[in-house]
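Q: Handing over coords-v5.pdb, PDB, C-alpha atoms and all ligand atoms.
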ATOM      1  CA  MET A  14       0.000   0.000   0.000
ATOM      2  CA  LYS A  15       1.246   3.458  -0.855
ATOM      3  CA  ASN A  16       0.691   6.802   0.783
ATOM      4  CA  SER A  17      -2.509   5.934   2.601
ATOM      5  CA  ALA A  18      -1.304   7.651   5.771
ATOM      6  CA  LEU A  19      -0.804  10.813   3.737
ATOM      7  CA  ILE A  20      -4.076  10.528   1.900
ATOM      8  CA  LEU A  21      -6.385  10.050   4.802
ATOM      9  CA  PHE A  22      -6.619  13.215   6.739
ATOM     10  CA  PRO A  23     -10.044  14.673   7.336
ATOM     11  CA  ILE A  24     -11.167  17.594   5.195
ATOM     12  CA  PHE A  25     -14.571  17.910   6.754
ATOM     13  CA  SER A  26     -16.159  16.620   9.898
ATOM     14  CA  ALA A  27     -19.341  17.268  11.790
ATOM     15  CA  VAL A  28     -17.274  18.896  14.518
ATOM     16  CA  PHE A  29     -14.567  20.540  12.424
ATOM     17  CA  PHE A  30     -14.911  22.925   9.503
ATOM     18  CA  SER A  31     -12.373  22.969   6.732
ATOM     19  CA  SER A  32     -12.141  26.265   4.899
ATOM     20  CA  CYS A  33     -10.550  25.148   1.675
ATOM     21  CA  SER A  34     -12.733  22.688  -0.194
ATOM     22  CA  ARG A  35     -16.117  22.205  -1.762
ATOM     23  CA  TYR A  36     -17.010  20.168   1.295
ATOM     24  CA  THR A  37     -17.103  23.358   3.289
ATOM     25  CA  ARG A  38     -20.740  23.747   4.075
ATOM     26  CA  ASN A  39     -23.061  23.603   6.981
ATOM     27  CA  PRO A  40     -22.846  19.987   8.151
ATOM     28  CA  ARG A  41     -26.568  20.019   8.856
ATOM     29  CA  SER A  42     -27.184  19.880   5.103
ATOM     30  CA  ASN A  43     -25.395  16.519   5.109
ATOM     31  CA  GLN A  44     -27.690  15.011   7.687
ATOM     32  CA  ASN A  45     -31.030  13.293   7.747
ATOM     33  CA  SER A  46     -32.749  11.246  10.377
ATOM     34  CA  ASP A  47     -30.983   8.013   9.408
ATOM     35  CA  VAL A  48     -27.502   9.045   8.215
ATOM     36  CA  VAL A  49     -25.075  11.786   9.224
ATOM     37  CA  VAL A  50     -21.750  12.530   7.515
ATOM     38  CA  ALA A  51     -19.207  12.502  10.329
ATOM     39  CA  LYS A  52     -15.997  13.073   8.382
ATOM     40  CA  SER A  53     -14.799  13.429   4.807
ATOM     41  CA  TYR A  54     -11.233  12.602   3.816
ATOM     42  CA  GLU A  55      -8.789  14.071   1.338
ATOM     43  CA  HIS A  56      -8.368  11.753  -1.646
ATOM     44  CA  ALA A  57      -6.560  13.768  -4.343
ATOM     45  CA  LEU A  58      -3.480  11.541  -4.246
ATOM     46  CA  LEU A  59      -5.560   8.550  -5.282
ATOM     47  CA  ASN A  60      -6.467  10.379  -8.500
ATOM     48  CA  LYS A  61      -3.037  11.751  -9.339
ATOM     49  CA  ASP A  62      -2.422   9.289 -12.186
ATOM     50  CA  LEU A  63      -5.689   9.928 -14.085
ATOM     51  CA  VAL A  64      -5.298  10.844 -17.742
ATOM     52  CA  GLU A  65      -7.475  12.822 -20.140
ATOM     53  CA  GLY A  66      -9.513  10.969 -22.728
ATOM     54  CA  ALA A  67      -9.618   7.559 -21.028
ATOM     55  CA  LEU A  68     -12.747   5.631 -20.022
ATOM     56  CA  THR A  69     -13.367   6.362 -16.365
ATOM     57  CA  PHE A  70     -15.842   5.605 -13.580
ATOM     58  CA  ASP A  71     -16.483   7.476 -10.358
ATOM     59  CA  LEU A  72     -16.302   5.856  -6.932
ATOM     60  CA  ILE A  73     -17.506   7.181  -3.616
ATOM     61  CA  ILE A  74     -17.290   5.374  -0.280
ATOM     62  CA  TYR A  75     -19.613   5.831   2.680
ATOM     63  CA  ARG A  76     -18.112   3.939   5.604
ATOM     64  CA  ASN A  77     -20.141   3.336   8.703
ATOM     65  CA  SER A  78     -17.825   4.973  11.236
ATOM     66  CA  ALA A  79     -18.101   2.029  13.655
ATOM     67  CA  SER A  80     -17.207  -0.471  10.912
ATOM     68  CA  ARG A  81     -14.678  -3.262  11.445
ATOM     69  CA  ILE A  82     -13.255  -2.354   8.029
ATOM     70  CA  SER A  83     -10.432   0.167   8.310
ATOM     71  CA  TRP A  84      -9.676   2.916   5.820
ATOM     72  CA  GLU A  85      -6.261   1.355   5.381
ATOM     73  CA  THR A  86      -7.912  -1.821   4.053
ATOM     74  CA  LEU A  87     -10.306   0.154   1.868
ATOM     75  CA  ILE A  88      -7.492   2.218   0.347
ATOM     76  CA  GLU A  89      -5.532  -0.958  -0.372
ATOM     77  CA  GLN A  90      -8.585  -2.360  -2.172
ATOM     78  CA  ILE A  91      -9.086   0.860  -4.133
ATOM     79  CA  GLU A  92      -5.466   0.817  -5.281
ATOM     80  CA  TYR A  93      -5.776  -2.825  -6.326
ATOM     81  CA  ALA A  94      -9.028  -2.061  -8.201
ATOM     82  CA  LYS A  95      -7.269   0.804 -10.013
ATOM     83  CA  GLU A  96      -4.564  -1.603 -11.114
ATOM     84  CA  ILE A  97      -7.005  -4.341 -12.214
ATOM     85  CA  PHE A  98      -9.313  -2.047 -14.226
ATOM     86  CA  GLY A  99      -6.317  -0.063 -15.474
ATOM     87  CA  ARG A 100      -5.080  -3.183 -17.266
ATOM     88  CA  ALA A 101      -8.385  -3.149 -19.183
ATOM     89  CA  SER A 102      -7.902   0.559 -20.031
ATOM     90  CA  VAL A 103     -10.495   1.793 -17.541
ATOM     91  CA  GLN A 104      -9.588   4.237 -14.789
ATOM     92  CA  LEU A 105     -11.118   4.764 -11.377
ATOM     93  CA  ASN A 106     -11.776   8.302 -10.153
ATOM     94  CA  VAL A 107     -12.332   8.631  -6.401
ATOM     95  CA  LEU A 108     -15.039  11.223  -5.796
ATOM     96  CA  GLY A 109     -15.274  11.004  -2.049
ATOM     97  CA  LEU A 110     -14.342   9.072   1.088
ATOM     98  CA  HIS A 111     -16.741   9.633   3.952
ATOM     99  CA  ASP A 112     -17.324   8.318   7.424
ATOM    100  CA  VAL A 113     -21.033   8.242   8.146
ATOM    101  CA  ILE A 114     -23.060   7.517  11.252
ATOM    102  CA  VAL A 115     -25.921   5.262  10.236
ATOM    103  CA  LYS A 116     -29.029   4.282  12.183
ATOM    104  CA  GLU A 117     -28.232   0.865  13.586
ATOM    105  CA  THR A 118     -31.196  -0.987  12.099
ATOM    106  CA  LEU A 119     -30.021  -0.072   8.591
ATOM    107  CA  LEU A 120     -26.612  -1.692   9.011
ATOM    108  CA  VAL A 121     -27.933  -5.227   8.649
ATOM    109  CA  ILE A 122     -29.161  -5.964   5.137
ATOM    110  CA  SER A 123     -31.761  -8.695   4.705
ATOM    111  CA  GLU A 124     -31.916 -10.979   1.701
ATOM    112  CA  SER A 125     -33.740  -9.855  -1.415
ATOM    113  CA  GLU A 126     -37.294 -10.867  -2.165
ATOM    114  CA  PHE A 127     -38.368 -12.457  -5.455
ATOM    115  CA  GLU A 128     -41.525 -11.655  -7.383
ATOM    116  CA  GLY A 129     -41.055 -14.271 -10.108
ATOM    117  CA  ASP A 130     -43.223 -17.323 -10.629
ATOM    118  CA  ILE A 131     -41.324 -20.600 -10.111
ATOM    119  CA  ASN A 132     -43.263 -22.206 -12.980
ATOM    120  CA  GLU A 133     -41.912 -19.559 -15.316
ATOM    121  CA  PHE A 134     -38.218 -19.872 -14.514
ATOM    122  CA  ASP A 135     -38.284 -23.635 -14.029
ATOM    123  CA  GLY A 136     -38.473 -24.063 -17.789
ATOM    124  CA  THR A 137     -35.281 -22.247 -18.763
ATOM    125  CA  HIS A 138     -31.745 -23.594 -18.707
ATOM    126  CA  ASP A 139     -30.156 -20.259 -19.459
ATOM    127  CA  PHE A 140     -28.669 -18.862 -16.244
ATOM    128  CA  TYR A 141     -29.312 -15.187 -16.999
ATOM    129  CA  ASP A 142     -32.791 -15.805 -18.346
ATOM    130  CA  ARG A 143     -33.616 -17.709 -15.156
ATOM    131  CA  ILE A 144     -32.213 -14.926 -12.928
ATOM    132  CA  ASP A 145     -34.221 -12.353 -14.850
ATOM    133  CA  LYS A 146     -37.434 -14.361 -14.470
ATOM    134  CA  GLN A 147     -36.929 -14.715 -10.714
ATOM    135  CA  LYS A 148     -37.440 -10.935 -10.486
ATOM    136  CA  ALA A 149     -35.315  -9.992  -7.482
ATOM    137  CA  VAL A 150     -36.353  -6.922  -5.517
ATOM    138  CA  LEU A 151     -34.539  -5.109  -2.729
ATOM    139  CA  SER A 152     -35.514  -5.909   0.832
ATOM    140  CA  ARG A 153     -37.243  -3.082   2.672
ATOM    141  CA  ASN A 154     -34.290  -2.234   4.904
ATOM    142  CA  THR A 155     -31.891  -2.184   1.932
ATOM    143  CA  ALA A 156     -34.141   0.321   0.188
ATOM    144  CA  ASP A 157     -34.335   2.375   3.410
ATOM    145  CA  LEU A 158     -30.520   2.407   3.723
ATOM    146  CA  PHE A 159     -30.011   3.473   0.107
ATOM    147  CA  THR A 160     -32.730   6.117   0.400
ATOM    148  CA  ALA A 161     -31.014   7.572   3.461
ATOM    149  CA  ILE A 162     -27.580   7.580   1.782
ATOM    150  CA  SER A 163     -29.039   9.124  -1.399
ATOM    151  CA  ARG A 164     -30.384  12.010   0.639
ATOM    152  CA  ILE A 165     -26.928  13.012   1.833
ATOM    153  CA  ASN A 166     -26.407  16.092  -0.192
ATOM    154  CA  LEU A 167     -22.738  16.280  -1.090
ATOM    155  CA  GLY A 168     -23.529  17.484  -4.587
ATOM    156  CA  LEU A 169     -21.449  14.756  -6.201
ATOM    157  CA  HIS A 170     -23.364  11.543  -6.284
ATOM    158  CA  ASP A 171     -25.709  10.357  -9.006
ATOM    159  CA  HIS A 172     -26.969   7.015 -10.335
ATOM    160  CA  ARG A 173     -23.837   6.550 -12.476
ATOM    161  CA  THR A 174     -21.540   6.811  -9.458
ATOM    162  CA  ILE A 175     -20.344   3.532  -7.966
ATOM    163  CA  SER A 176     -21.297   4.085  -4.343
ATOM    164  CA  ILE A 177     -19.880   1.740  -1.739
ATOM    165  CA  VAL A 178     -21.738   1.592   1.563
ATOM    166  CA  VAL A 179     -19.822  -0.172   4.321
ATOM    167  CA  ILE A 180     -22.274  -1.883   6.661
ATOM    168  CA  ASP A 181     -22.250  -4.586   9.377
ATOM    169  CA  GLU A 182     -24.025  -7.631   7.965
ATOM    170  CA  ALA A 183     -25.537  -8.720   4.669
ATOM    171  CA  LYS A 184     -27.333 -11.739   3.310
ATOM    172  CA  THR A 185     -27.658 -12.767  -0.286
ATOM    173  CA  SER A 186     -30.263 -15.065  -1.778
ATOM    174  CA  TRP A 187     -31.031 -17.013  -4.913
ATOM    175  CA  PHE A 188     -33.077 -20.011  -6.050
ATOM    176  CA  GLU A 189     -31.444 -23.413  -6.257
ATOM    177  CA  LYS A 190     -32.858 -26.672  -7.552
ATOM    178  CA  ASN A 191     -32.659 -29.739  -5.319
ATOM    179  CA  GLY A 192     -34.082 -32.703  -7.211
ATOM    180  CA  ASP A 193     -37.332 -31.365  -8.638
ATOM    181  CA  THR A 194     -37.819 -28.602  -6.114
ATOM    182  CA  TRP A 195     -36.638 -25.006  -6.257
ATOM    183  CA  THR A 196     -35.697 -23.588  -2.872
ATOM    184  CA  LYS A 197     -34.588 -20.132  -1.869
ATOM    185  CA  LYS A 198     -31.027 -20.259  -0.655
ATOM    186  CA  ILE A 199     -29.978 -17.547   1.830
ATOM    187  CA  VAL A 200     -26.355 -17.067   2.904
ATOM    188  CA  GLU A 201     -24.269 -14.483   4.744
ATOM    189  CA  THR A 202     -22.015 -12.646   2.337
ATOM    190  CA  SER A 203     -19.106 -10.234   2.480
ATOM    191  CA  ALA A 204     -20.604  -7.962  -0.161
ATOM    192  CA  LEU A 205     -23.668  -7.326  -2.276
ATOM    193  CA  SER A 206     -23.326  -5.635  -5.628
ATOM    194  CA  PHE A 207     -26.989  -5.406  -6.756
ATOM    195  CA  PRO A 208     -26.024  -5.964 -10.406
ATOM    196  CA  PRO A 209     -28.262  -4.703 -13.228
ATOM    197  CA  TYR A 210     -28.667  -8.213 -14.745
ATOM    198  CA  LYS A 211     -30.330  -9.397 -11.500
ATOM    199  CA  TYR A 212     -32.394  -6.335 -10.454
ATOM    200  CA  SER A 213     -33.092  -4.728 -13.830
ATOM    201  CA  ASN A 214     -35.880  -2.113 -13.612
ATOM    202  CA  ARG A 215     -36.743  -3.256 -10.083
ATOM    203  CA  LEU A 216     -33.712  -1.353  -8.814
ATOM    204  CA  PRO A 217     -34.805   2.288  -8.517
ATOM    205  CA  LEU A 218     -32.573   4.440 -10.721
ATOM    206  CA  PRO A 219     -31.029   6.471  -7.869
ATOM    207  CA  PHE A 220     -29.779   3.193  -6.345
ATOM    208  CA  ARG A 221     -28.249   1.782  -9.520
ATOM    209  CA  GLY A 222     -24.645   2.376  -8.447
ATOM    210  CA  PHE A 223     -24.914   1.070  -4.882
ATOM    211  CA  ILE A 224     -22.772  -1.761  -3.505
ATOM    212  CA  ALA A 225     -22.849  -2.927   0.138
ATOM    213  CA  LEU A 226     -19.668  -4.227   1.763
ATOM    214  CA  GLN A 227     -19.450  -5.766   5.168
ATOM    215  CA  GLU A 228     -16.180  -7.616   5.359
ATOM    216  CA  LEU A 229     -12.819  -7.139   3.682
ATOM    217  CA  LYS A 230      -9.641  -8.928   4.558
ATOM    218  CA  SER A 231      -6.176  -8.087   3.370
ATOM    219  CA  GLU A 232      -4.989 -11.572   2.448
ATOM    220  CA  GLU A 233      -4.282 -12.071  -1.230
ATOM    221  CA  LYS A 234      -7.470 -13.985  -1.940
ATOM    222  CA  TYR A 235      -9.665 -11.186  -0.577
ATOM    223  CA  LYS A 236      -7.646  -8.273  -1.868
ATOM    224  CA  LYS A 237      -9.684  -8.194  -5.045
ATOM    225  CA  THR A 238     -13.100  -8.088  -3.320
ATOM    226  CA  LEU A 239     -13.822  -4.436  -4.091
ATOM    227  CA  ALA A 240     -12.724  -4.818  -7.736
ATOM    228  CA  HIS A 241     -14.793  -8.014  -8.041
ATOM    229  CA  GLU A 242     -17.933  -6.303  -6.714
ATOM    230  CA  ILE A 243     -17.406  -3.337  -9.016
ATOM    231  CA  GLY A 244     -16.994  -5.895 -11.822
ATOM    232  CA  HIS A 245     -20.542  -7.176 -11.190
ATOM    233  CA  LYS A 246     -21.783  -3.643 -11.885
ATOM    234  CA  LEU A 247     -19.509  -2.676 -14.754
ATOM    235  CA  ILE A 248     -19.223  -5.987 -16.624
ATOM    236  CA  ASN A 249     -22.758  -6.923 -15.588
ATOM    237  CA  VAL A 250     -22.176 -10.643 -15.169
ATOM    238  CA  SER A 251     -22.495 -13.135 -12.315
ATOM    239  CA  HIS A 252     -19.695 -15.537 -11.338
ATOM    240  CA  GLU A 253     -18.177 -16.847 -14.548
ATOM    241  CA  SER A 254     -14.789 -17.093 -16.204
ATOM    242  CA  MET A 255     -13.111 -18.264 -19.378
ATOM    243  CA  GLU A 256     -13.577 -21.850 -18.203
ATOM    244  CA  ASP A 257     -16.640 -21.614 -15.959
ATOM    245  CA  CYS A 258     -20.290 -21.239 -16.847
ATOM    246  CA  PRO A 259     -22.167 -18.574 -14.885
ATOM    247  CA  GLN A 260     -23.190 -19.669 -11.402
ATOM    248  CA  ALA A 261     -24.432 -18.125  -8.178
ATOM    249  CA  VAL A 262     -21.160 -19.321  -6.616
ATOM    250  CA  ALA A 263     -18.051 -20.291  -8.595
ATOM    251  CA  HIS A 264     -14.449 -20.806  -7.515
ATOM    252  CA  SER A 265     -11.577 -20.798  -9.957
ATOM    253  CA  THR A 266      -8.012 -19.642 -10.262
ATOM    254  CA  LYS A 267      -8.587 -17.473 -13.309
ATOM    255  CA  GLY A 268     -10.625 -14.334 -13.807
ATOM    256  CA  LEU A 269     -11.850 -11.374 -11.772
ATOM    257  CA  MET A 270     -15.435 -12.568 -11.790
ATOM    258  CA  VAL A 271     -15.026 -15.843  -9.877
ATOM    259  CA  TYR A 272     -13.975 -16.456  -6.281
ATOM    260  CA  GLY A 273     -10.212 -16.915  -6.172
ATOM    261  CA  THR A 274      -7.050 -14.922  -6.734
ATOM    262  CA  GLY A 275      -7.511 -14.259 -10.470
ATOM    263  CA  THR A 276      -7.853 -10.690 -11.647
ATOM    264  CA  GLU A 277      -8.026 -11.051 -15.444
ATOM    265  CA  ILE A 278     -10.752  -9.235 -17.384
ATOM    266  CA  PRO A 279     -10.524 -11.313 -20.554
ATOM    267  CA  GLY A 280     -11.731 -10.296 -23.973
ATOM    268  CA  GLY A 281     -13.238 -12.172 -26.915
ATOM    269  CA  VAL A 282     -15.851 -14.900 -26.849
ATOM    270  CA  GLU A 283     -13.435 -17.184 -24.995
ATOM    271  CA  GLY A 284     -13.308 -14.518 -22.289
ATOM    272  CA  ARG A 285     -17.121 -14.310 -22.357
ATOM    273  CA  TRP A 286     -16.677 -10.735 -23.665
ATOM    274  CA  HIS A 287     -15.829  -9.334 -20.234
ATOM    275  CA  GLN A 288     -13.502  -6.652 -21.539
ATOM    276  CA  GLU A 289     -15.894  -5.582 -24.294
ATOM    277  CA  ARG A 290     -18.881  -5.453 -21.903
ATOM    278  CA  LEU A 291     -16.841  -3.433 -19.413
ATOM    279  CA  GLN A 292     -15.953  -0.826 -22.002
ATOM    280  CA  LEU A 293     -19.623  -0.376 -22.977
ATOM    281  CA  SER A 294     -20.789   0.081 -19.387
ATOM    282  CA  PRO A 295     -23.160   3.025 -18.836
ATOM    283  CA  PHE A 296     -21.217   3.775 -15.643
ATOM    284  CA  LEU A 297     -18.192   4.816 -17.741
ATOM    285  CA  TYR A 298     -17.471   8.218 -19.221
ATOM    286  CA  VAL A 299     -14.780  10.174 -20.987
ATOM    287  CA  LYS A 300     -14.067  13.641 -19.666
ATOM    288  CA  GLU A 301     -14.447  16.472 -22.185
ATOM    289  CA  GLY A 302     -13.285  19.647 -20.498
ATOM    290  CA  SER A 303     -15.342  19.778 -17.328
ATOM    291  CA  ARG A 304     -18.128  17.610 -18.804
ATOM    292  CA  ARG A 305     -18.489  13.844 -18.514
ATOM    293  CA  ARG A 306     -19.590  12.160 -21.748
ATOM    294  CA  TYR A 307     -21.124   8.893 -20.596
ATOM    295  CA  ASN A 308     -21.492   5.684 -22.565
ATOM    296  CA  LYS A 309     -24.968   4.932 -23.877
ATOM    297  CA  ASP A 310     -27.479   4.105 -21.141
ATOM    298  CA  PHE A 311     -29.104   0.662 -20.838
ATOM    299  CA  GLU A 312     -31.963   0.051 -23.266
ATOM    300  CA  GLN A 313     -33.574  -2.893 -21.421
ATOM    301  CA  SER A 314     -32.868  -1.807 -17.834
ATOM    302  CA  GLY A 315     -29.512  -3.581 -17.752
ATOM    303  CA  LYS A 316     -30.526  -7.173 -18.455
ATOM    304  CA  TYR A 317     -27.572  -9.442 -19.312
ATOM    305  CA  SER A 318     -28.485  -9.278 -22.992
ATOM    306  CA  ASP A 319     -29.365  -5.567 -22.983
ATOM    307  CA  SER A 320     -29.050  -4.318 -26.551
ATOM    308  CA  ILE A 321     -26.195  -1.944 -25.643
ATOM    309  CA  TYR A 322     -23.997  -5.061 -25.601
ATOM    310  CA  GLY A 323     -24.827  -5.996 -29.212
ATOM    311  CA  SER A 324     -23.257  -9.393 -29.858
ATOM    312  CA  PHE A 325     -21.202  -9.371 -26.654
ATOM    313  CA  VAL A 326     -23.468 -11.888 -24.932
ATOM    314  CA  VAL A 327     -23.056 -15.658 -24.565
ATOM    315  CA  ARG A 328     -26.352 -17.374 -25.238
ATOM    316  CA  PRO A 329     -27.305 -19.902 -24.050
ATOM    317  CA  SER A 330     -25.112 -19.123 -21.086
ATOM    318  CA  CYS A 331     -24.055 -22.826 -20.785
ATOM    319  CA  GLN A 332     -24.553 -25.166 -17.810
TER     320      GLN A 332
HETATM  321 ZN    ZN B 401     -19.397 -11.933  -6.676
END
Would you kindly transcribe this structure into structure tokens?
A:
Amino acid sequence: MKNSALILFPIFSAVFFSSCSRYTRNPRSNQNSDVVVAKSYEHALLNKDLVEGALTFDLIIYRNSASRISWETLIEQIEYAKEIFGRASVQLNVLGLHDVIVKETLLVISESEFEGDINEFDGTHDFYDRIDKQKAVLSRNTADLFTAISRINLGLHDHRTISIVVIDEAKTSWFEKNGDTWTKKIVETSALSFPPYKYSNRLPLPFRGFIALQELKSEEKYKKTLAHEIGHKLINVSHESMEDCPQAVAHSTKGLMVYGTGTEIPGGVEGRWHQERLQLSPFLYVKEGSRRRYNKDFEQSGKYSDSIYGSFVVRPSCQ
């Protein structure tokens, strides 16, 4: 890790006013009943290597100030994500690093609900078609957390910003077939990325960029967690790699989008078009003067086969 001690000094806090940044404002405007911004940190050094004209995405982190996850760990993960996406010609622009005080009941995220009809998705063998037909929707407390965070008015965030919310606990859920019966599987998870292919138009637009993190470890095999979660948003795929069909859970040694140490974002059909899909992501922009020129927005709410991807889909997704 480089320079994190230098990077992380507060530039705004609820008890201390800085006089030299756009964060200088009445802290009461950054508060609502469920979330208060306690501190904002300087992050310019993390952006010092950005270049003009390259595809870029914005990242903002809201860390529950009582979190077990340290800023040191988060910075290490940001730097690793910069390196991983940089190899695929995509750069990461840090927009903000904030400690927030969050109402306790919002720090535990329940599993998603599903509105789909089992009879409808039972008939398909295509992974992404099946996920789409299950119709995942956010749990009530997840929606409440994201609503509260969205109301923090820092003047920076919008639905194209990748917004990491560091919480205490999270559960993920999906349907799994045992014999002839589909059952809802619910497991504790270290992160939830709420990818477009799974939530589609059931994810309210202001929440499109949200990712929840609850556990990050510094060992090599976890070091890529932040980049992996961002990959779910930007590449818009589940767990899959050059050699592995998409699954709810997949371990392998190769590829950013499976559990393991791999960090490759491969291109071509043999790479399941990960690099090509990444570069078409609506979260990416190229800076033109002070303006951001974003990639085309989703045309079918971000389904796996959304027409923005053209032929960069693998169908059927294989078993
Ligand atoms: Zn994942």
Q: What gap, in Å, lies between atom CA of Gly273 of chain A and atom CA of Ala225 of chain A?
A: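 Going from atom CA of Gly273 of chain A over to atom CA of Ala225 of chain A, I get 19.9 Å.
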Q: For Leu247 of chain A, please output as a ChimeraX atom specification all residues within 8 Å (counting only C-alpha atoms; exclusion window: fewer than 3 positions along the same chain).
A: /A:243-244,290-291,294-296
Q: Restricting it to C-alpha atoms, dump the selection as a short mmCIF file (atom, residue, chain, number, x, y, z; two decimals), in the coordinates of the input.
A:
data_model
loop_
_atom_site.label_atom_id
_atom_site.label_comp_id
_atom_site.auth_asym_id
_atom_site.auth_seq_id
_atom_site.Cartn_x
_atom_site.Cartn_y
_atom_site.Cartn_z
CA ILE A 243 -17.41 -3.34 -9.02
CA GLY A 244 -16.99 -5.90 -11.82
CA ARG A 290 -18.88 -5.45 -21.90
CA LEU A 291 -16.84 -3.43 -19.41
CA SER A 294 -20.79 0.08 -19.39
CA PRO A 295 -23.16 3.02 -18.84
CA PHE A 296 -21.22 3.78 -15.64
#
Q: On this file, the PyMOL selection byres (((not hetatm)) within 8 of (chain B and resi 401)) gives some set of residues; write that set as a ChimeraX atom specification.
A: /A:204-206,241-242,245,251-252,262,270-272
Q: Grab all the atoms of segment 107-124 of chain A that the file lists, wrap them in a box along x, y and z, add 8 Å per side, and give me centre plus edge lengths in Å (one decimal) as JSON.
A:
{"center_x": -22.1, "center_y": 0.1, "center_z": 3.6, "size_x": 35.6, "size_y": 38.2, "size_z": 36.0}
Q: Using all atoms listed in the file, which of A:Val299, A:Leu218, A:Val179, A:Val326 sits nearest Ser102 of chain A?
A: A:Val299
Q: At a cut-off of 9 Å, using all atoms listed in the file, what residues contact Gln104 of chain A? Leave out same-chain residues fewer than 2 positions from it and give the result as an MDAnalysis selection string.
A: chainID A and resid 63:64 67:71 95:96 98:99 101:102 106
Q: Have a look at atom CA of Leu110 of chain A and atom CA of Phe159 of chain A and let me know their distance in Å, one decimal.
A: 16.7 Å
Q: Which residues, written as a list in words, have at least one atom at most 9 Å from Thr86 of chain A, with all atoms listed in the file counted and residues fewer than 5 positions away on the same chain left out?
A: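 Near Thr86 of chain A, the qualifying residues are Ile91, Leu229, Lys230, Ser231 and Lys236 of chain A.
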Q: Mind telling me what the PyMOL selection byres (((chain A and resi 331) around 12) and not hetatm) catches here, as a list of chain:residue names?
A: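 Here the PyMOL selection byres (((chain A and resi 331) around 12) and not hetatm) matches A:Thr137, A:His138, A:Asp139, A:Phe140, A:Tyr141, A:Asp142, A:Glu253, A:Ser254, A:Met255, A:Glu256, A:Asp257, A:Cys258, A:Pro259, A:Gln260, A:Arg285, A:Val326, A:Val327, A:Arg328, A:Pro329, A:Ser330, A:Gln332.
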Q: Taking the file as I've supplied it (selection: the PyMOL selection byres (((chain A and resi 286) around 12) and not hetatm)), which residues are included? Please answer as an NGL selection string.
A: :A and (248-250 or 253-255 or 277-285 or 287-293 or 317-318 or 322-328)
Q: Considering only C-alpha atoms, can you say which of A:Ala261, A:Val150, A:Val48, A:Leu59 comes closest to Arg76 of chain A?
A: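 Nearest candidate to Arg76 of chain A out of A:Ala261, A:Val150, A:Val48, A:Leu59: A:Val48.
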Q: Could you list, as a ChimeraX atom specification, every residue within 10 Å of Leu216 of chain A, counting only C-alpha atoms and ignoring same-chain residues fewer than 3 positions away?
A: /A:149-151,156,207-209,211-213,219-223,314
Q: Check the smallest atom-to-atom distance from each of A:Glu92, A:Glu189, A:Asp310, A:Asp171 to Ile131 of chain A using all atoms listed in the file, then report the winner.
A: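 Among A:Glu92, A:Glu189, A:Asp310, A:Asp171, it is A:Glu189 that comes nearest to Ile131 of chain A.
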Q: Do you have the atom CA of Asp112 of chain A-atom CA of Tyr54 of chain A distance handy?
A: 8.3 Å
Q: Which residue out of A:Ser203, A:Leu87, A:Leu21, A:Ile73 has the minimum interatomic distance to Glu55 of chain A when only C-alpha atoms are used?
A: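 Looking at the shortest contact to Glu55 of chain A, the residue is A:Leu21.
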Q: Can you write out as a tab-separated table which residues of segment 171-260 of chain A fall within 12 Å of segment 114-117 of chain A, alongside each residue's closest atom pair and its distance in Å to one decimal, counting only C-alpha atoms and ordering rows by chain and ascending residue number?
A:
residue	atom	partner	partner_atom	distance
A:Val178	CA	A:Val115	CA	10.3
A:Val179	CA	A:Val115	CA	10.1
A:Ile180	CA	A:Val115	CA	8.8
A:Asp181	CA	A:Glu117	CA	9.1
A:Glu182	CA	A:Glu117	CA	11.0
Q: Pull C-alpha atoms from the residues just selected and write them as a PDB file, keeping the file's coordinate frame.
A:
ATOM      1  CA  VAL A 178     -21.738   1.592   1.563  1.00  0.00           C
ATOM      2  CA  VAL A 179     -19.822  -0.172   4.321  1.00  0.00           C
ATOM      3  CA  ILE A 180     -22.274  -1.883   6.661  1.00  0.00           C
ATOM      4  CA  ASP A 181     -22.250  -4.586   9.377  1.00  0.00           C
ATOM      5  CA  GLU A 182     -24.025  -7.631   7.965  1.00  0.00           C
TER       6      GLU A 182
END
Q: So, counting only C-alpha atoms, which residue among A:Ile74, A:Leu239, A:Leu120, A:Val50 is closest to Thr276 of chain A?
A: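 Counting only C-alpha atoms, the residue closest to Thr276 of chain A is A:Leu239.
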Q: Which of these residues is nearest to Glu89 of chain A, using all atoms listed in the file: A:Ala263, A:Leu297, A:Ala240, A:Val113?
A: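 When distances to Glu89 of chain A are compared using all atoms listed in the file, the smallest one comes from A:Ala240.
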Q: Taking (-31.6, -11.9, -3.2) as a centre in this file's frame and 9 Å as the limit, can you find every polymer residue with an atom that close, using only C-alpha atoms, and give them as a ChimeraX atom specification?
A: /A:123-127,149-152,184-188,197-199,207,211
